[in-house]
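**Q** Pasting data.txt here (compact mmCIF, C-alpha atoms):
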```txt
# COMPACT_ATOMS: atom_id res chain seq x y z
CA MET A 597 155.30 84.50 50.30
CA GLY A 598 154.96 83.06 53.83
CA ALA A 599 155.14 79.42 54.80
CA TRP A 600 151.85 77.53 54.88
CA ARG A 601 150.95 75.53 57.92
CA THR A 602 149.61 72.21 56.69
CA GLY A 603 148.32 70.79 59.93
CA ALA A 604 148.33 70.91 63.70
CA LYS A 605 147.86 68.38 66.45
CA VAL A 606 144.71 69.27 68.37
CA ALA A 607 144.31 66.21 70.62
CA ASP A 608 145.68 62.73 71.24
CA LEU A 609 143.24 60.30 69.63
CA VAL A 610 143.27 56.55 69.54
CA GLY A 611 140.62 55.25 67.19
CA LEU A 612 139.15 51.88 66.33
CA GLY A 613 138.28 52.73 62.76
CA ALA A 614 137.84 55.60 60.38
CA LEU A 615 137.89 58.92 62.24
CA LYS A 616 135.77 61.85 61.09
CA VAL A 617 136.15 65.24 62.73
CA HIS A 618 133.54 68.02 62.80
CA PHE A 619 134.47 71.45 64.19
CA SER A 620 131.85 73.86 65.53
CA SER A 621 131.51 77.16 63.64
CA ASP A 622 133.43 78.99 66.38
CA ASP A 623 136.13 76.26 66.60
CA ARG A 624 135.58 75.88 70.38
CA TRP A 625 134.17 72.36 70.07
CA LEU A 626 134.75 69.31 67.94
CA PHE A 627 133.12 65.93 67.59
CA VAL A 628 135.06 62.87 66.50
CA THR A 629 133.10 59.99 64.99
CA ASP A 630 134.96 56.70 65.33
CA GLY A 631 134.28 53.13 64.28
CA GLY A 632 133.32 51.20 61.20
CA SER A 633 130.69 49.06 59.55
CA SER A 634 131.20 45.93 61.66
CA LEU A 635 132.07 47.79 64.88
CA GLY A 636 129.31 50.34 64.97
CA THR A 637 130.23 53.98 65.40
CA THR A 638 130.38 56.32 68.35
CA VAL A 639 131.18 59.96 68.99
CA ARG A 640 133.48 61.81 71.37
CA LEU A 641 133.27 65.50 72.21
CA PHE A 642 136.29 67.77 72.69
CA LYS A 643 136.46 71.38 73.90
CA ARG A 644 139.26 73.79 73.05
CA SER A 645 141.25 74.54 76.18
CA LYS A 646 143.85 76.98 74.79
CA GLY A 647 145.31 77.71 71.41
CA LEU A 648 144.86 74.59 69.32
CA ASP A 649 144.71 72.19 72.28
CA TYR A 650 141.44 70.31 72.80
CA LYS A 651 140.48 68.21 75.81
CA GLU A 652 137.91 65.42 75.73
CA VAL A 653 134.63 66.08 77.54
CA LYS A 654 133.79 62.75 79.18
CA GLU A 655 130.65 63.60 81.15
CA PHE A 656 128.14 62.48 78.50
CA ASP A 657 127.11 59.02 77.35
CA PHE A 658 126.14 60.10 73.86
CA ASP A 659 125.09 56.64 72.68
CA PHE A 660 122.64 56.19 75.56
CA ALA A 661 121.34 59.79 75.40
CA VAL A 662 120.52 59.60 71.69
CA GLN A 663 119.06 56.08 71.98
CA ARG A 664 116.92 57.31 74.89
CA LEU A 665 115.59 60.23 72.87
CA ALA A 666 114.93 57.97 69.86
CA ALA A 667 113.05 55.47 72.06
CA GLN A 668 110.93 58.28 73.54
CA ILE A 669 110.06 59.83 70.18
CA GLU A 670 110.03 56.83 67.81
CA GLY A 671 108.88 54.15 70.27
CA GLY A 672 106.98 56.14 72.89
CA LYS A 673 108.96 54.41 75.66
CA GLU A 674 111.45 55.35 78.38
CA ILE A 675 114.63 53.27 78.63
CA LYS A 676 117.19 52.82 81.41
CA ASP A 677 119.97 51.29 79.29
CA THR A 678 120.98 51.08 75.64
CA ILE A 679 118.65 48.99 73.49
CA LEU A 680 120.41 48.80 70.13
CA ASP A 681 122.55 45.70 69.57
CA ARG A 682 125.02 47.70 67.52
CA SER A 683 124.53 51.41 67.11
CA TYR A 684 125.84 53.72 64.44
CA LEU A 685 126.04 57.11 66.09
CA ARG A 686 127.67 59.95 64.22
CA CYS A 687 127.98 63.70 64.14
CA VAL A 688 126.50 65.01 60.91
CA GLY A 689 127.54 68.62 61.43
CA TRP A 690 127.17 71.78 63.48
CA SER A 691 124.77 74.68 63.31
CA LYS A 692 126.21 77.62 61.41
CA ASP A 693 125.05 80.15 64.01
CA GLY A 694 125.68 78.48 67.35
CA PRO A 695 127.25 75.59 69.23
CA GLN A 696 124.56 73.03 68.40
CA ALA A 697 125.70 69.72 66.91
CA PHE A 698 123.48 67.40 64.90
CA LEU A 699 123.85 63.76 65.96
CA ALA A 700 122.27 60.88 64.02
CA ILE A 701 121.85 57.26 65.05
CA SER A 702 120.84 54.06 63.27
CA GLY A 703 120.58 50.52 64.56
CA LYS A 704 118.42 47.55 65.50
CA GLY A 705 117.56 46.21 68.92
CA THR A 706 114.72 45.23 71.24
CA LEU A 707 112.32 47.55 73.05
CA ASN A 708 109.86 45.94 75.51
CA GLY A 709 110.29 42.53 73.85
CA LYS A 710 109.63 43.82 70.34
CA ARG A 711 112.05 44.43 67.52
CA PHE A 712 113.01 48.13 67.40
CA GLU A 713 114.79 49.76 64.48
CA VAL A 714 115.87 53.33 64.12
CA GLU A 715 117.23 54.76 60.88
CA ASP A 716 118.98 58.13 60.83
CA PHE A 717 117.17 59.47 63.91
CA THR A 718 118.64 62.95 64.29
CA CYS A 719 118.79 65.15 67.35
CA VAL A 720 120.49 68.36 68.41
CA PHE A 721 123.07 68.52 71.19
CA ASP A 722 124.05 71.86 72.72
CA PRO A 723 127.32 71.45 74.66
CA VAL A 724 126.98 74.86 76.35
CA ALA A 725 123.43 74.27 77.64
CA ARG A 726 124.16 70.52 78.02
CA VAL A 727 120.85 69.63 76.37
CA PHE A 728 119.74 67.00 73.86
CA SER A 729 116.60 67.81 71.86
CA ALA A 730 114.67 66.36 68.96
CA VAL A 731 114.89 67.90 65.50
CA LYS A 732 111.56 69.41 64.54
CA LYS A 733 110.23 67.87 61.35
```
Hey, can you dump this file as structure tokens for me?
**A**
Amino acid sequence: MGAWRTGAKVADLVGLGALKVHFSSDDRWLFVTDGGSSLGTTVRLFKRSKGLDYKEVKEFDFDFAVQRLAAQIEGGKEIKDTILDRSYLRCVGWSKDGPQAFLAISGKGTLNGKRFEVEDFTCVFDPVARVFSAVKK
């Protein structure tokens, strides 16, 4: 019987809270959700570079992008900056048949002088096409 490999280092991560990792179905991508109840949560995207090594993809502001989409769909408004006082952004999983990740956000803030609350607003992010889109209900 061969030796079992119990783990491998895939990236250097420094986290502020509880880390949750979601791998895409083809293992080329991974999202790390980081944070906690009093800190809010955020996500970071990593792409496999070779073997089991992953490098962080830093070109996206996921918090702003998902808040922007939520404000457009839930509030009918365009925003130029984040509006939630503390946001809870997380990856809830990946599509089984492609590189699309499901990102969900919750939080409270102000939109055009009025209280704005979003609860589990979910969108799809495709890291290959570099596109955020709403989940069809």
**Q** For segment 651-666 of chain A, please output as an NGL selection string all residues within 6 Å (counting all atoms listed in the file; exclusion window: fewer than 3 positions along the same chain).
**A** :A and (641-643 or 669-670 or 675 or 678)
**Q** Draw an axis-aligned box over all listed atoms of segment 706-711 of chain A, pad each side with 8 Å, and write its centre and edge lengths in Å, one decimal, as JSON.
**A**
```
{"center_x": 112.2, "center_y": 45.0, "center_z": 71.5, "size_x": 21.1, "size_y": 21.0, "size_z": 24.0}
```
**Q** Could you check which of A:Leu680, A:Ala667, A:Leu699, A:Leu635 is closest to Phe721 of chain A, using all atoms listed in the file?
**A**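 Among the listed residues, A:Leu699 lies closest to Phe721 of chain A.
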**Q** Could you pull the residues within 7 Å of segment 707-719 of chain A, counting all atoms listed in the file, minus those fewer than 6 positions along the same chain, as number ranges by chain?
**A** A: 666, 679, 698-701, 728-731
**Q** Generate a file of the selected residues that holds C-alpha atoms, formatted as an mmCIF file, in the frame of the given file.
**A**
```cif
data_model
loop_
_atom_site.group_PDB
_atom_site.id
_atom_site.type_symbol
_atom_site.label_atom_id
_atom_site.label_comp_id
_atom_site.auth_asym_id
_atom_site.auth_seq_id
_atom_site.Cartn_x
_atom_site.Cartn_y
_atom_site.Cartn_z
ATOM 1 C CA ALA A 666 114.930 57.970 69.860
ATOM 2 C CA ILE A 679 118.650 48.990 73.490
ATOM 3 C CA PHE A 698 123.480 67.400 64.900
ATOM 4 C CA LEU A 699 123.850 63.760 65.960
ATOM 5 C CA ALA A 700 122.270 60.880 64.020
ATOM 6 C CA ILE A 701 121.850 57.260 65.050
ATOM 7 C CA PHE A 728 119.740 67.000 73.860
ATOM 8 C CA SER A 729 116.600 67.810 71.860
ATOM 9 C CA ALA A 730 114.670 66.360 68.960
ATOM 10 C CA VAL A 731 114.890 67.900 65.500
#
```
**Q** Would you mind reading off the distance between atom CA of Arg624 of chain A and atom CA of Arg686 of chain A, one decimal, in Å?
**A** 18.8 Å
**Q** In terms of the shortest atom-to-atom distance over all atoms listed in the file, which of A:Arg682, A:Arg726, A:Lys676, A:Lys616 is closest to Val639 of chain A?
**A**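 Between A:Arg682, A:Arg726, A:Lys676, A:Lys616, the residue approaching Val639 of chain A most closely is A:Lys616.
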**Q** Quick one: distance from atom CA of Gly647 of chain A to atom CA of Asp722 of chain A in Å, one decimal?
**A**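 Calculated distance between atom CA of Gly647 of chain A and atom CA of Asp722 of chain A is 22.1 Å.
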**Q** Excluding Asp693 of chain A and its own-chain neighbours fewer than 4 positions away, which residues fall within 10 Å of it when counting all atoms listed in the file? Please give them as an MDAnalysis selection string.
**A** chainID A and resid 620:622
**Q** Smallest atom-to-atom distance to Val688 of chain A: which of A:Thr706, A:Gln668, A:Thr629, A:Ser645, using all atoms listed in the file?
**A**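 Looking at the shortest contact to Val688 of chain A, the residue is A:Thr629.
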**Q** Enter the distance from atom CA of Val720 of chain A to atom CA of His618 of chain A, in Å, rounded to one decimal.
**A**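 Between these atoms lies a distance of 14.2 Å.
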**Q** Identify which of the residues A:Leu648, A:Lys692, A:Ser683, A:Leu626 lies closest to Pro723 of chain A, counting all atoms listed in the file when measuring atom-to-atom distances.
**A**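 Result for the nearest residue to Pro723 of chain A: A:Leu626.
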